[in-house]
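See below for final_16.pdb, which holds PDB, C-alpha atoms.
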ATOM      1  CA  MET A 223      20.058 -26.138  79.467  1.00  0.00           C
ATOM      2  CA  ARG A 224      23.382 -27.903  78.965  1.00  0.00           C
ATOM      3  CA  GLY A 225      21.726 -30.804  77.137  1.00  0.00           C
ATOM      4  CA  ARG A 226      20.043 -28.392  74.724  1.00  0.00           C
ATOM      5  CA  GLU A 227      23.337 -26.604  74.063  1.00  0.00           C
ATOM      6  CA  VAL A 228      25.089 -29.871  73.254  1.00  0.00           C
ATOM      7  CA  SER A 229      22.203 -31.140  71.107  1.00  0.00           C
ATOM      8  CA  GLY A 230      22.223 -27.786  69.282  1.00  0.00           C
ATOM      9  CA  PHE A 231      25.962 -28.145  68.698  1.00  0.00           C
ATOM     10  CA  LEU A 232      25.445 -31.622  67.220  1.00  0.00           C
ATOM     11  CA  ALA A 233      22.553 -30.360  65.080  1.00  0.00           C
ATOM     12  CA  GLU A 234      24.749 -27.560  63.719  1.00  0.00           C
ATOM     13  CA  ILE A 235      27.358 -30.133  62.676  1.00  0.00           C
ATOM     14  CA  SER A 236      24.691 -32.085  60.803  1.00  0.00           C
ATOM     15  CA  SER A 237      23.261 -28.947  59.188  1.00  0.00           C
ATOM     16  CA  PHE A 238      26.590 -28.197  57.459  1.00  0.00           C
ATOM     17  CA  ALA A 239      25.687 -30.877  54.886  1.00  0.00           C
ATOM     18  CA  ALA A 240      22.688 -28.780  53.760  1.00  0.00           C
ATOM     19  CA  VAL A 241      24.524 -25.445  53.480  1.00  0.00           C
ATOM     20  CA  ASP A 242      24.780 -23.844  50.025  1.00  0.00           C
ATOM     21  CA  LEU A 243      28.436 -24.738  49.419  1.00  0.00           C
ATOM     22  CA  LEU A 244      30.407 -23.264  46.533  1.00  0.00           C
ATOM     23  CA  VAL A 245      32.316 -25.498  44.107  1.00  0.00           C
ATOM     24  CA  ALA A 246      34.770 -23.244  42.255  1.00  0.00           C
ATOM     25  CA  PRO A 247      38.097 -24.972  41.518  1.00  0.00           C
ATOM     26  CA  GLU A 248      39.211 -21.849  39.647  1.00  0.00           C
ATOM     27  CA  ASP A 249      38.777 -19.672  42.749  1.00  0.00           C
ATOM     28  CA  ARG A 250      39.795 -21.580  45.864  1.00  0.00           C
ATOM     29  CA  GLU A 251      40.018 -18.431  47.966  1.00  0.00           C
ATOM     30  CA  ARG A 252      36.359 -17.640  47.303  1.00  0.00           C
ATOM     31  CA  GLU A 253      35.523 -21.278  48.023  1.00  0.00           C
ATOM     32  CA  MET A 254      37.340 -21.095  51.347  1.00  0.00           C
ATOM     33  CA  GLU A 255      35.585 -17.863  52.363  1.00  0.00           C
ATOM     34  CA  ARG A 256      32.139 -19.157  51.425  1.00  0.00           C
ATOM     35  CA  ASN A 257      32.493 -22.752  52.627  1.00  0.00           C
ATOM     36  CA  THR A 258      34.217 -22.343  55.995  1.00  0.00           C
ATOM     37  CA  PHE A 259      31.918 -22.456  59.006  1.00  0.00           C
ATOM     38  CA  TRP A 260      32.633 -22.425  62.707  1.00  0.00           C
ATOM     39  CA  ILE A 261      30.534 -23.627  65.589  1.00  0.00           C
ATOM     40  CA  PRO A 262      31.347 -22.473  69.136  1.00  0.00           C
ATOM     41  CA  ILE A 263      32.048 -25.331  71.524  1.00  0.00           C
ATOM     42  CA  PRO A 264      29.257 -25.303  74.136  1.00  0.00           C
ATOM     43  CA  CYS A 265      30.248 -24.014  77.560  1.00  0.00           C
ATOM     44  CA  ASP A 266      28.520 -22.959  80.746  1.00  0.00           C
ATOM     45  CA  GLU A 267      27.996 -19.350  81.819  1.00  0.00           C
ATOM     46  CA  ASP A 268      31.503 -19.287  83.333  1.00  0.00           C
ATOM     47  CA  GLY A 269      33.152 -20.418  80.092  1.00  0.00           C
ATOM     48  CA  HIS A 270      33.785 -24.018  81.179  1.00  0.00           C
ATOM     49  CA  ALA A 271      33.092 -26.773  78.655  1.00  0.00           C
ATOM     50  CA  ASP A 272      34.063 -29.681  80.879  1.00  0.00           C
ATOM     51  CA  ASP A 273      30.616 -29.737  82.551  1.00  0.00           C
ATOM     52  CA  THR A 274      28.521 -29.486  79.374  1.00  0.00           C
ATOM     53  CA  GLY A 275      28.485 -33.202  78.644  1.00  0.00           C
ATOM     54  CA  ILE A 276      30.044 -33.138  75.181  1.00  0.00           C
ATOM     55  CA  ASP A 277      30.678 -36.747  74.252  1.00  0.00           C
ATOM     56  CA  ALA A 278      33.461 -37.441  71.739  1.00  0.00           C
ATOM     57  CA  GLU A 279      31.511 -40.369  70.284  1.00  0.00           C
ATOM     58  CA  ASP A 280      28.447 -38.154  69.654  1.00  0.00           C
ATOM     59  CA  VAL A 281      30.631 -35.574  67.888  1.00  0.00           C
ATOM     60  CA  ARG A 282      32.355 -38.314  65.858  1.00  0.00           C
ATOM     61  CA  ALA A 283      28.976 -39.756  64.833  1.00  0.00           C
ATOM     62  CA  ALA A 284      27.652 -36.310  63.798  1.00  0.00           C
ATOM     63  CA  LEU A 285      30.793 -35.611  61.727  1.00  0.00           C
ATOM     64  CA  THR A 286      30.635 -39.055  60.112  1.00  0.00           C
ATOM     65  CA  GLU A 287      26.950 -38.654  59.223  1.00  0.00           C
ATOM     66  CA  MET A 288      27.506 -35.150  57.860  1.00  0.00           C
ATOM     67  CA  ALA A 289      30.403 -36.398  55.695  1.00  0.00           C
ATOM     68  CA  ALA A 290      28.277 -39.230  54.304  1.00  0.00           C
ATOM     69  CA  VAL A 291      25.545 -36.777  53.321  1.00  0.00           C
ATOM     70  CA  LEU A 292      28.112 -34.501  51.629  1.00  0.00           C
ATOM     71  CA  ARG A 293      29.623 -37.455  49.731  1.00  0.00           C
ATOM     72  CA  GLN A 294      26.182 -38.410  48.438  1.00  0.00           C
ATOM     73  CA  ARG A 295      25.220 -34.810  47.668  1.00  0.00           C
ATOM     74  CA  PHE A 296      28.377 -34.131  45.644  1.00  0.00           C
ATOM     75  CA  ALA A 297      28.848 -37.615  44.134  1.00  0.00           C
ATOM     76  CA  SER A 298      28.392 -36.289  40.614  1.00  0.00           C
ATOM     77  CA  ALA A 299      30.649 -33.240  41.026  1.00  0.00           C
ATOM     78  CA  ARG A 300      33.134 -32.782  38.208  1.00  0.00           C
ATOM     79  CA  SER A 301      35.841 -31.612  40.572  1.00  0.00           C
ATOM     80  CA  LEU A 302      37.784 -33.349  43.328  1.00  0.00           C
ATOM     81  CA  LEU A 303      36.234 -32.138  46.590  1.00  0.00           C
ATOM     82  CA  THR A 304      37.543 -32.523  50.120  1.00  0.00           C
ATOM     83  CA  GLY A 305      35.417 -31.869  53.164  1.00  0.00           C
ATOM     84  CA  TYR A 306      37.339 -31.339  56.375  1.00  0.00           C
ATOM     85  CA  ALA A 307      36.908 -30.394  60.014  1.00  0.00           C
ATOM     86  CA  TRP A 308      39.269 -29.327  62.786  1.00  0.00           C
ATOM     87  CA  CYS A 309      39.215 -28.173  66.364  1.00  0.00           C
ATOM     88  CA  ASP A 310      40.385 -24.574  66.752  1.00  0.00           C
ATOM     89  CA  GLU A 311      41.264 -24.681  70.435  1.00  0.00           C
ATOM     90  CA  GLN A 312      42.304 -21.038  70.599  1.00  0.00           C
ATOM     91  CA  ALA A 313      38.961 -19.847  69.208  1.00  0.00           C
ATOM     92  CA  GLY A 314      36.998 -22.529  71.070  1.00  0.00           C
ATOM     93  CA  GLN A 315      35.336 -23.707  67.872  1.00  0.00           C
ATOM     94  CA  LEU A 316      34.769 -26.665  65.631  1.00  0.00           C
ATOM     95  CA  ARG A 317      35.516 -25.516  62.101  1.00  0.00           C
ATOM     96  CA  MET A 318      34.359 -27.213  58.921  1.00  0.00           C
ATOM     97  CA  SER A 319      34.928 -26.530  55.254  1.00  0.00           C
ATOM     98  CA  MET A 320      34.962 -28.031  51.787  1.00  0.00           C
ATOM     99  CA  CYS A 321      37.199 -27.145  48.864  1.00  0.00           C
ATOM    100  CA  SER A 322      38.261 -28.276  45.407  1.00  0.00           C
ATOM    101  CA  ALA A 323      41.578 -29.736  46.472  1.00  0.00           C
ATOM    102  CA  ALA A 324      43.109 -33.037  47.424  1.00  0.00           C
ATOM    103  CA  PRO A 325      43.439 -33.785  51.162  1.00  0.00           C
ATOM    104  CA  ASP A 326      47.191 -33.083  50.988  1.00  0.00           C
ATOM    105  CA  ALA A 327      46.615 -29.656  49.378  1.00  0.00           C
ATOM    106  CA  LEU A 328      44.190 -28.016  51.822  1.00  0.00           C
ATOM    107  CA  PRO A 329      44.548 -24.251  52.410  1.00  0.00           C
ATOM    108  CA  PHE A 330      46.387 -24.395  55.747  1.00  0.00           C
ATOM    109  CA  GLY A 331      49.470 -22.304  56.399  1.00  0.00           C
ATOM    110  CA  GLY A 332      50.888 -24.797  58.886  1.00  0.00           C
ATOM    111  CA  PRO A 333      51.260 -28.533  59.195  1.00  0.00           C
ATOM    112  CA  TYR A 334      48.199 -30.755  59.384  1.00  0.00           C
ATOM    113  CA  ARG A 335      47.446 -34.448  59.190  1.00  0.00           C
ATOM    114  CA  PRO A 336      44.736 -35.624  56.782  1.00  0.00           C
ATOM    115  CA  ASP A 337      42.616 -38.406  58.250  1.00  0.00           C
ATOM    116  CA  THR A 338      39.406 -40.044  57.073  1.00  0.00           C
ATOM    117  CA  ASP A 339      38.371 -40.856  60.640  1.00  0.00           C
ATOM    118  CA  PRO A 340      37.042 -37.903  62.687  1.00  0.00           C
ATOM    119  CA  THR A 341      37.982 -39.531  66.014  1.00  0.00           C
ATOM    120  CA  ALA A 342      40.946 -37.205  66.653  1.00  0.00           C
ATOM    121  CA  VAL A 343      38.861 -34.091  65.930  1.00  0.00           C
ATOM    122  CA  SER A 344      35.960 -35.265  68.089  1.00  0.00           C
ATOM    123  CA  ALA A 345      38.332 -36.170  70.929  1.00  0.00           C
ATOM    124  CA  ALA A 346      39.926 -32.710  70.697  1.00  0.00           C
ATOM    125  CA  ILE A 347      36.482 -31.059  70.865  1.00  0.00           C
ATOM    126  CA  ALA A 348      35.511 -33.119  73.927  1.00  0.00           C
ATOM    127  CA  ALA A 349      38.850 -32.337  75.602  1.00  0.00           C
ATOM    128  CA  VAL A 350      38.510 -28.535  75.402  1.00  0.00           C
ATOM    129  CA  SER A 351      37.808 -27.415  78.966  1.00  0.00           C
ATOM    130  CA  HIS A 352      37.716 -23.610  78.443  1.00  0.00           C
ATOM    131  CA  PRO A 353      36.698 -22.790  74.833  1.00  0.00           C
ATOM    132  CA  GLY A 354      38.533 -19.774  73.497  1.00  0.00           C
ATOM    133  CA  LEU A 355      40.933 -19.565  76.436  1.00  0.00           C
ATOM    134  CA  ILE A 356      44.574 -20.550  76.025  1.00  0.00           C
ATOM    135  CA  SER A 357      46.762 -20.521  79.137  1.00  0.00           C
ATOM    136  CA  TRP A 358      50.038 -18.647  78.757  1.00  0.00           C
ATOM    137  CA  CYS A 359      52.957 -19.054  81.127  1.00  0.00           C
TER     138      CYS A 359
END
Structure rendered as structure tokens:
Amino acid sequence: MRGREVSGFLAEISSFAAVDLLVAPEDREREMERNTFWIPIPCDEDGHADDTGIDAEDVRAALTEMAAVLRQRFASARSLLTGYAWCDEQAGQLRMSMCSAAPDALPFGGPYRPDTDPTAVSAAIAAVSHPGLISWC
């Protein structure tokens, strides 16, 4: 069961490249709403992800492959497009999106660090032990 959940998670990452994404530089809010997807981080029936076998290298490879497919798919686009992914630890999700903006102008309200290597995101996904649960002291 766990292996299927993880393989399904990796397949969902790859499938983002085939989604009907909107390119609308004149309406970035609509782009963000339409193009943002989230995939729950696999966990066991008790909500623990640390026993599911998520491998950071597998996640990195899936993100890298998906990005390559998107680059090829949108190579002739007339607008600057940036595809991006991040680990939402509080929601227990991998989130992915694409918008008509430069990497330093993504629609985040807080600080972020653009990076062309998905290693940090994949490591963060693999490090989540209880998706959607944040400990408060």
For this structure, which residues satisfy the selection - the PyMOL selection byres ((chain A and resi 321) around 10) - when it is evaluated on the file as given? I want them as a count of residues only.
29
Name the residues that the PyMOL selection byres ((chain A and resi 310) around 10) pulls out of this structure, and write them as a list in words.
Trp260, Ile261, Pro262, Ile263, Ala307, Trp308, Cys309, Glu311, Gln312, Ala313, Gly314, Gln315, Leu316, Arg317, Val343, Ala346, Ile347, Val350, Pro353 and Gly354 of chain A
Edge lengths and centre in Å, axis-aligned, region 322-336 of chain A plus 4 Å each side, as AutoDock Vina command-line options:
--center_x 44.8 --center_y -29.0 --center_z 52.4 --size_x 21.0 --size_y 21.3 --size_z 22.0
Within 9 Å of region 228-239 of chain A, which residues of region 254-293 of chain A come that close, and what is the closest atom pair and distance in Å for each? Count only C-alpha atoms and give it as CSV.
residue,atom,partner,partner_atom,distance
A:Phe259,CA,A:Phe238,CA,8.0
A:Ile261,CA,A:Phe231,CA,7.1
A:Pro262,CA,A:Phe231,CA,7.8
A:Ile263,CA,A:Phe231,CA,7.3
A:Pro264,CA,A:Val228,CA,6.2
A:Cys265,CA,A:Val228,CA,8.9
A:Thr274,CA,A:Val228,CA,7.0
A:Gly275,CA,A:Val228,CA,7.2
A:Ile276,CA,A:Val228,CA,6.2
A:Asp277,CA,A:Val228,CA,8.9
A:Asp280,CA,A:Leu232,CA,7.6
A:Val281,CA,A:Leu232,CA,6.6
A:Ala284,CA,A:Ser236,CA,6.0
A:Leu285,CA,A:Ile235,CA,6.5
A:Glu287,CA,A:Ser236,CA,7.1
A:Met288,CA,A:Ser236,CA,5.1
A:Ala289,CA,A:Ala239,CA,7.3
A:Ala290,CA,A:Ala239,CA,8.8
A:Val291,CA,A:Ala239,CA,6.1
A:Leu292,CA,A:Ala239,CA,5.4
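Going from CA of Phe330 (chain A) to CA of Val241 (chain A) covers 22.0 Å.
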Which residue is closest to Ala348 (chain A)? Choose from A:Asp266, A:Asp242, A:Asp326, A:Glu279 and count only C-alpha atoms.
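Of A:Asp266, A:Asp242, A:Asp326, A:Glu279, the one nearest Ala348 (chain A), counting only C-alpha atoms, is A:Glu279.
One distance worth recording is that between CA of Ala299 (chain A) and CA of Pro340 (chain A), which is 23.1 Å.
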Applying 9 Å and all atoms listed in the file, which residues near Arg282 (chain A) remain after dropping the ones on its own chain fewer than 6 positions away? List them as a PDB file with C-alpha atoms, keeping the file's coordinate frame.
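And here is the file that came out, selection.pdb:
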ATOM      1  CA  ASP A 339      38.371 -40.856  60.640  1.00  0.00           C
ATOM      2  CA  PRO A 340      37.042 -37.903  62.687  1.00  0.00           C
ATOM      3  CA  THR A 341      37.982 -39.531  66.014  1.00  0.00           C
ATOM      4  CA  ALA A 342      40.946 -37.205  66.653  1.00  0.00           C
ATOM      5  CA  VAL A 343      38.861 -34.091  65.930  1.00  0.00           C
ATOM      6  CA  SER A 344      35.960 -35.265  68.089  1.00  0.00           C
ATOM      7  CA  ALA A 345      38.332 -36.170  70.929  1.00  0.00           C
TER       8      ALA A 345
END
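Here CA of Arg295 (chain A) is placed at a distance of 28.6 Å from CA of Gly331 (chain A).
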